[in-house]
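Source file: data.pdb; contents: PDB, C-alpha atoms.
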ATOM      1  CA  MET U  26     -35.735  12.276 -16.848
ATOM      2  CA  SER U  27     -38.361  13.100 -14.215
ATOM      3  CA  VAL U  28     -38.411  16.311 -12.235
ATOM      4  CA  ALA U  29     -36.518  16.451  -8.933
ATOM      5  CA  VAL U  30     -38.512  17.085  -5.749
ATOM      6  CA  LYS U  31     -37.474  19.140  -2.744
ATOM      7  CA  ILE U  32     -39.436  18.995   0.501
ATOM      8  CA  CYS U  33     -38.699  22.196   2.392
ATOM      9  CA  GLY U  34     -39.253  23.116   6.015
ATOM     10  CA  ILE U  35     -38.131  19.806   7.500
ATOM     11  CA  THR U  36     -38.151  20.119  11.286
ATOM     12  CA  SER U  37     -37.315  16.675  12.702
ATOM     13  CA  VAL U  38     -35.303  13.518  12.103
ATOM     14  CA  PRO U  39     -38.410  11.308  11.595
ATOM     15  CA  GLN U  40     -39.508  13.660   8.804
ATOM     16  CA  VAL U  41     -36.140  13.137   7.077
ATOM     17  CA  GLN U  42     -36.601   9.393   7.098
ATOM     18  CA  MET U  43     -40.193   9.654   5.898
ATOM     19  CA  VAL U  44     -39.529  11.930   2.913
ATOM     20  CA  GLU U  45     -36.427   9.966   1.965
ATOM     21  CA  GLU U  46     -38.464   6.752   1.864
ATOM     22  CA  ALA U  47     -41.066   8.549  -0.252
ATOM     23  CA  GLY U  48     -38.443   9.368  -2.886
ATOM     24  CA  ALA U  49     -37.556  13.016  -2.294
ATOM     25  CA  ASP U  50     -34.398  14.260  -3.973
ATOM     26  CA  ALA U  51     -33.721  17.095  -1.535
ATOM     27  CA  ILE U  52     -34.828  18.561   1.762
ATOM     28  CA  GLY U  53     -34.717  22.140   2.952
ATOM     29  CA  VAL U  54     -33.985  23.333   6.473
ATOM     30  CA  VAL U  55     -35.107  26.856   7.336
ATOM     31  CA  LEU U  56     -32.524  28.850   9.296
ATOM     32  CA  TYR U  57     -34.606  32.033   9.322
ATOM     33  CA  GLU U  58     -35.923  32.892  12.769
ATOM     34  CA  ASN U  59     -39.062  34.670  11.562
ATOM     35  CA  SER U  60     -40.284  31.555   9.766
ATOM     36  CA  SER U  61     -42.853  29.274  11.375
ATOM     37  CA  ARG U  62     -40.675  26.366  10.203
ATOM     38  CA  TYR U  63     -37.457  27.710  11.718
ATOM     39  CA  ILE U  64     -34.985  25.332  13.320
ATOM     40  CA  ASP U  65     -31.663  26.208  14.903
ATOM     41  CA  LEU U  66     -28.333  25.187  13.447
ATOM     42  CA  GLU U  67     -27.829  22.357  15.922
ATOM     43  CA  ARG U  68     -31.142  20.741  14.931
ATOM     44  CA  ALA U  69     -30.265  21.242  11.265
ATOM     45  CA  VAL U  70     -27.040  19.296  11.777
ATOM     46  CA  GLU U  71     -28.987  16.426  13.373
ATOM     47  CA  ILE U  72     -31.369  16.426  10.425
ATOM     48  CA  LYS U  73     -28.583  16.377   7.853
ATOM     49  CA  HIS U  74     -26.853  13.511   9.628
ATOM     50  CA  ALA U  75     -30.097  11.516   9.444
ATOM     51  CA  ILE U  76     -29.920  11.396   5.632
ATOM     52  CA  SER U  77     -28.882   7.889   4.681
ATOM     53  CA  GLY U  78     -28.741   8.147   0.902
ATOM     54  CA  THR U  79     -28.061  10.725  -1.781
ATOM     55  CA  MET U  80     -30.810  13.177  -0.827
ATOM     56  CA  LEU U  81     -29.505  16.751  -0.792
ATOM     57  CA  CYS U  82     -29.652  19.062   2.219
ATOM     58  CA  ILE U  83     -30.340  22.698   1.354
ATOM     59  CA  ALA U  84     -30.049  25.462   3.965
ATOM     60  CA  LEU U  85     -32.479  28.360   3.532
ATOM     61  CA  VAL U  86     -31.368  31.745   4.870
ATOM     62  CA  VAL U  87     -32.879  35.217   4.665
ATOM     63  CA  ASN U  88     -30.783  38.374   4.924
ATOM     64  CA  ALA U  89     -28.383  36.698   7.343
ATOM     65  CA  GLU U  90     -25.116  38.196   8.523
ATOM     66  CA  PRO U  91     -21.972  36.910   6.757
ATOM     67  CA  GLN U  92     -20.653  35.490  10.021
ATOM     68  CA  PHE U  93     -23.735  33.290  10.283
ATOM     69  CA  ILE U  94     -23.388  32.058   6.709
ATOM     70  CA  TYR U  95     -19.770  31.089   7.363
ATOM     71  CA  ARG U  96     -20.926  29.231  10.483
ATOM     72  CA  VAL U  97     -23.581  27.375   8.461
ATOM     73  CA  ILE U  98     -20.954  26.355   5.911
ATOM     74  CA  ALA U  99     -18.488  25.169   8.545
ATOM     75  CA  THR U 100     -20.983  23.441  10.843
ATOM     76  CA  LEU U 101     -23.760  22.130   8.633
ATOM     77  CA  GLN U 102     -21.896  21.773   5.329
ATOM     78  CA  PRO U 103     -25.115  21.802   3.298
ATOM     79  CA  ASP U 104     -25.088  20.761  -0.330
ATOM     80  CA  LEU U 105     -26.442  24.191  -1.232
ATOM     81  CA  ILE U 106     -27.338  27.448   0.460
ATOM     82  CA  GLN U 107     -30.643  28.981  -0.619
ATOM     83  CA  PHE U 108     -30.561  32.773  -0.410
ATOM     84  CA  HIS U 109     -34.220  33.697  -0.045
ATOM     85  CA  GLY U 110     -34.030  37.347   0.963
ATOM     86  CA  ASP U 111     -32.730  40.573  -0.539
ATOM     87  CA  GLU U 112     -29.139  39.395  -0.889
ATOM     88  CA  THR U 113     -27.104  41.051  -3.638
ATOM     89  CA  PRO U 114     -25.015  39.099  -6.159
ATOM     90  CA  GLU U 115     -21.886  40.304  -4.361
ATOM     91  CA  PHE U 116     -23.197  39.001  -1.043
ATOM     92  CA  CYS U 117     -24.049  35.576  -2.464
ATOM     93  CA  ASP U 118     -20.749  35.201  -4.308
ATOM     94  CA  GLN U 119     -18.457  36.159  -1.427
ATOM     95  CA  PHE U 120     -18.695  32.739   0.228
ATOM     96  CA  ASP U 121     -17.494  30.811  -2.830
ATOM     97  CA  TYR U 122     -20.081  28.139  -2.007
ATOM     98  CA  PRO U 123     -22.784  26.492  -4.176
ATOM     99  CA  TYR U 124     -26.075  28.328  -3.846
ATOM    100  CA  ILE U 125     -29.627  28.755  -5.090
ATOM    101  CA  ARG U 126     -31.005  32.239  -5.608
ATOM    102  CA  ALA U 127     -34.692  32.659  -4.790
ATOM    103  CA  ILE U 128     -36.656  35.183  -6.826
ATOM    104  CA  ARG U 129     -40.006  36.368  -5.558
ATOM    105  CA  MET U 130     -42.318  37.121  -8.457
ATOM    106  CA  HIS U 131     -43.283  40.756  -7.940
ATOM    107  CA  GLU U 132     -45.548  42.122 -10.681
ATOM    108  CA  SER U 133     -42.902  44.612 -11.823
ATOM    109  CA  LEU U 134     -40.067  42.069 -11.859
ATOM    110  CA  ASP U 135     -37.946  41.824 -14.999
ATOM    111  CA  ILE U 136     -36.929  38.161 -14.902
ATOM    112  CA  THR U 137     -34.257  38.458 -17.589
ATOM    113  CA  ASP U 138     -32.612  41.366 -15.817
ATOM    114  CA  GLU U 139     -32.771  39.701 -12.420
ATOM    115  CA  THR U 140     -31.346  36.372 -13.545
ATOM    116  CA  SER U 141     -28.531  38.084 -15.468
ATOM    117  CA  ARG U 142     -27.203  39.585 -12.235
ATOM    118  CA  TYR U 143     -26.565  36.292 -10.444
ATOM    119  CA  GLY U 144     -24.638  33.105 -11.212
ATOM    120  CA  PRO U 145     -26.025  30.459  -8.854
ATOM    121  CA  SER U 146     -24.682  26.980  -9.560
ATOM    122  CA  GLY U 147     -27.847  25.523  -8.010
ATOM    123  CA  GLY U 148     -30.164  27.605 -10.179
ATOM    124  CA  PHE U 149     -32.996  30.033  -9.532
ATOM    125  CA  LEU U 150     -36.003  29.267  -7.355
ATOM    126  CA  PHE U 151     -39.142  31.172  -8.302
ATOM    127  CA  ASP U 152     -41.641  31.810  -5.523
ATOM    128  CA  ALA U 153     -44.741  33.930  -4.979
ATOM    129  CA  TRP U 154     -44.306  37.553  -3.927
ATOM    130  CA  HIS U 155     -45.529  38.678  -0.525
ATOM    131  CA  ALA U 156     -44.720  42.076   0.950
ATOM    132  CA  ASP U 157     -44.168  40.755   4.474
ATOM    133  CA  GLN U 158     -43.020  37.166   3.961
ATOM    134  CA  TYR U 159     -39.952  35.570   2.432
ATOM    135  CA  GLY U 160     -41.435  32.317   1.143
ATOM    136  CA  GLY U 161     -43.727  29.815   2.801
ATOM    137  CA  THR U 162     -46.836  31.793   1.830
ATOM    138  CA  GLY U 163     -48.666  28.905   0.205
ATOM    139  CA  GLU U 164     -49.605  31.266  -2.618
ATOM    140  CA  GLN U 165     -49.276  30.508  -6.327
ATOM    141  CA  PHE U 166     -48.102  32.939  -8.999
ATOM    142  CA  ASP U 167     -48.722  32.954 -12.756
ATOM    143  CA  TRP U 168     -46.476  30.183 -14.080
ATOM    144  CA  HIS U 169     -46.787  31.532 -17.623
ATOM    145  CA  ARG U 170     -44.541  34.453 -16.638
ATOM    146  CA  LEU U 171     -41.565  32.099 -16.508
ATOM    147  CA  PRO U 172     -39.414  31.857 -19.656
ATOM    148  CA  LYS U 173     -39.832  28.814 -21.864
ATOM    149  CA  VAL U 174     -36.263  29.136 -23.154
ATOM    150  CA  ARG U 175     -33.635  29.552 -20.463
ATOM    151  CA  ASP U 176     -29.990  28.872 -19.751
ATOM    152  CA  PHE U 177     -30.334  28.236 -16.020
ATOM    153  CA  ARG U 178     -31.661  25.564 -13.701
ATOM    154  CA  LEU U 179     -35.249  26.415 -12.697
ATOM    155  CA  ILE U 180     -36.831  25.447  -9.383
ATOM    156  CA  LEU U 181     -40.562  26.085  -9.055
ATOM    157  CA  ALA U 182     -42.124  26.919  -5.685
ATOM    158  CA  GLY U 183     -45.170  28.747  -4.404
ATOM    159  CA  GLY U 184     -48.531  27.162  -3.659
ATOM    160  CA  LEU U 185     -47.645  23.705  -4.947
ATOM    161  CA  LYS U 186     -49.543  20.693  -3.616
ATOM    162  CA  PRO U 187     -50.360  17.137  -4.692
ATOM    163  CA  GLU U 188     -53.394  18.336  -6.655
ATOM    164  CA  ASN U 189     -51.593  20.842  -8.893
ATOM    165  CA  VAL U 190     -47.973  19.708  -9.127
ATOM    166  CA  ALA U 191     -48.474  17.598 -12.264
ATOM    167  CA  LEU U 192     -49.983  20.571 -14.097
ATOM    168  CA  ALA U 193     -47.122  22.735 -12.834
ATOM    169  CA  VAL U 194     -44.537  20.311 -14.189
ATOM    170  CA  ARG U 195     -46.269  20.090 -17.572
ATOM    171  CA  THR U 196     -46.672  23.876 -17.792
ATOM    172  CA  VAL U 197     -43.228  25.036 -16.641
ATOM    173  CA  ALA U 198     -40.992  21.982 -17.210
ATOM    174  CA  PRO U 199     -38.917  22.866 -14.123
ATOM    175  CA  ASP U 200     -35.767  21.046 -13.119
ATOM    176  CA  MET U 201     -37.078  20.797  -9.555
ATOM    177  CA  VAL U 202     -40.304  21.487  -7.665
ATOM    178  CA  ASP U 203     -40.224  22.749  -4.083
ATOM    179  CA  VAL U 204     -43.027  22.271  -1.573
ATOM    180  CA  SER U 205     -43.531  22.966   2.109
ATOM    181  CA  GLY U 206     -47.020  23.812   3.359
ATOM    182  CA  GLY U 207     -48.690  21.890   0.551
ATOM    183  CA  VAL U 208     -47.685  18.568   2.116
ATOM    184  CA  GLU U 209     -48.322  19.401   5.774
ATOM    185  CA  SER U 210     -50.993  18.347   8.246
ATOM    186  CA  SER U 211     -50.088  21.411  10.335
ATOM    187  CA  VAL U 212     -47.310  23.994  10.174
ATOM    188  CA  GLY U 213     -43.953  22.245  10.225
ATOM    189  CA  ILE U 214     -45.470  18.750  10.300
ATOM    190  CA  LYS U 215     -45.237  16.842   7.019
ATOM    191  CA  ASP U 216     -48.035  14.420   6.175
ATOM    192  CA  ARG U 217     -46.810  11.062   4.853
ATOM    193  CA  GLN U 218     -49.688  10.551   2.413
ATOM    194  CA  LYS U 219     -49.446  14.093   1.030
ATOM    195  CA  VAL U 220     -45.677  13.837   0.620
ATOM    196  CA  GLN U 221     -45.994  10.520  -1.217
ATOM    197  CA  ALA U 222     -48.794  11.803  -3.455
ATOM    198  CA  PHE U 223     -46.862  14.963  -4.269
ATOM    199  CA  ILE U 224     -43.713  13.055  -5.236
ATOM    200  CA  ASN U 225     -45.641  10.463  -7.240
ATOM    201  CA  ASN U 226     -47.644  13.090  -9.132
ATOM    202  CA  ALA U 227     -44.610  15.262  -9.844
ATOM    203  CA  LYS U 228     -42.470  12.432 -11.165
ATOM    204  CA  ALA U 229     -45.273  10.899 -13.244
ATOM    205  CA  ALA U 230     -45.993  14.173 -15.034
ATOM    206  CA  CYS U 231     -44.580  14.767 -18.494
TER     207      CYS U 231
END

Rewrite the coordinates I just gave you, this time as structure tokens.
Amino acid sequence: MSVAVKICGITSVPQVQMVEEAGADAIGVVLYENSSRYIDLERAVEIKHAISGTMLCIALVVNAEPQFIYRVIATLQPDLIQFHGDETPEFCDQFDYPYIRAIRMHESLDITDETSRYGPSGGFLFDAWHADQYGGTGEQFDWHRLPKVRDFRLILAGGLKPENVALAVRTVAPDMVDVSGGVESSVGIKDRQKVQAFINNAKAAC
């Protein structure tokens, strides 16, 4: 079975239709105001409603207040919530809602210890570490740090693009790859050719 592909940072309805036609398995909407790809909840709802097939809608949040998370669940009803900040296991679990836990790959990180603390039904997303940014850095980390044997769903992010995604899939064997800036013509604007090349290269890799 080929790897699943998530295109994150979708900002408009036409982008939904374009990535769906290209064969994406999931999209991400960024509900974090400090992100350059931020959209408000109302726009996110429009984007989700534009999905015509089985493509998943994943809502990315960063250190949000519980009241906002409950509003996202009630209003957007995403397939998964992606906690991409400093959220504790207790915070993530309180909503009783399917989620992905993002782990930023700090040099001192103990992956086994970190993954043992959470129980995300959607798996763990591994992204590059940046002191001032929660994702979307376009930077790659050392894929060889990731465990070969694991008992969780692994989503690979961080600096992926059409040119390196096949190598990433062969090296890590992730369940899903996640890309944002690597398939853009400018911030928040997905490029049709890059999206198609990324999906084709990811799914052809073995």

Take every atom of stretch 102-111 of chain U listed in the file, pad by 5 Å on each side, and give me the axis-aligned box centre and edge lengths in Å, one decimal, as JSON.
{"center_x": -28.1, "center_y": 30.7, "center_z": 2.0, "size_x": 22.3, "size_y": 29.8, "size_z": 16.6}

>> Between atom CA of U:Thr113 and atom CA of U:Ile35, what distance in Å does the model show, to one decimal?
In response: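 Interatomic distance, atom CA of U:Thr113 to atom CA of U:Ile35: 26.4 Å.
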
> stretch 219-231 of chain U: which residues within 9 Å, counting all atoms listed in the file, same-chain residues fewer than 5 positions away excluded, as a PyMOL selection string?
Replying inline: chain U and resi 26-30+32+43-44+46-49+185-195+198+202+204+207-210

>> I'd like the residues picked by the PyMOL selection byres ((chain U and resi 153) around 6) written out as a ChimeraX atom specification, using the chain letters and numbers from the file.
In response: /U:129-130,152,154,165-166,183

>> Running the PyMOL selection byres ((chain U and resi 212) around 12) on this model by hand, what would come out? Give it as a list in words.
In response: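 Expected selection for the PyMOL selection byres ((chain U and resi 212) around 12) here is Cys33, Gly34, Ile35, Thr36, Ser60, Ser61, Arg62, Tyr63, Gly161, Thr162, Gly163, Ser205, Gly206, Gly207, Val208, Glu209, Ser210, Ser211, Gly213, Ile214, Lys215 and Asp216 of chain U.
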
>> What does the structure give for the distance between atom CA of U:Glu132 and atom CA of U:Pro91, in Å to one decimal?
In response: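 Interatomic distance, atom CA of U:Glu132 to atom CA of U:Pro91: 29.8 Å.
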
>> Between atom CA of U:Gly148 and atom CA of U:Tyr122, what distance in Å does the model show, to one decimal?
In response: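 Computing it gives 13.0 Å between the two atoms.
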
> How would you write, as a count of residues only, the residues chosen by the PyMOL selection byres ((chain U and resi 51) around 7) on this structure?
Replying inline: 10
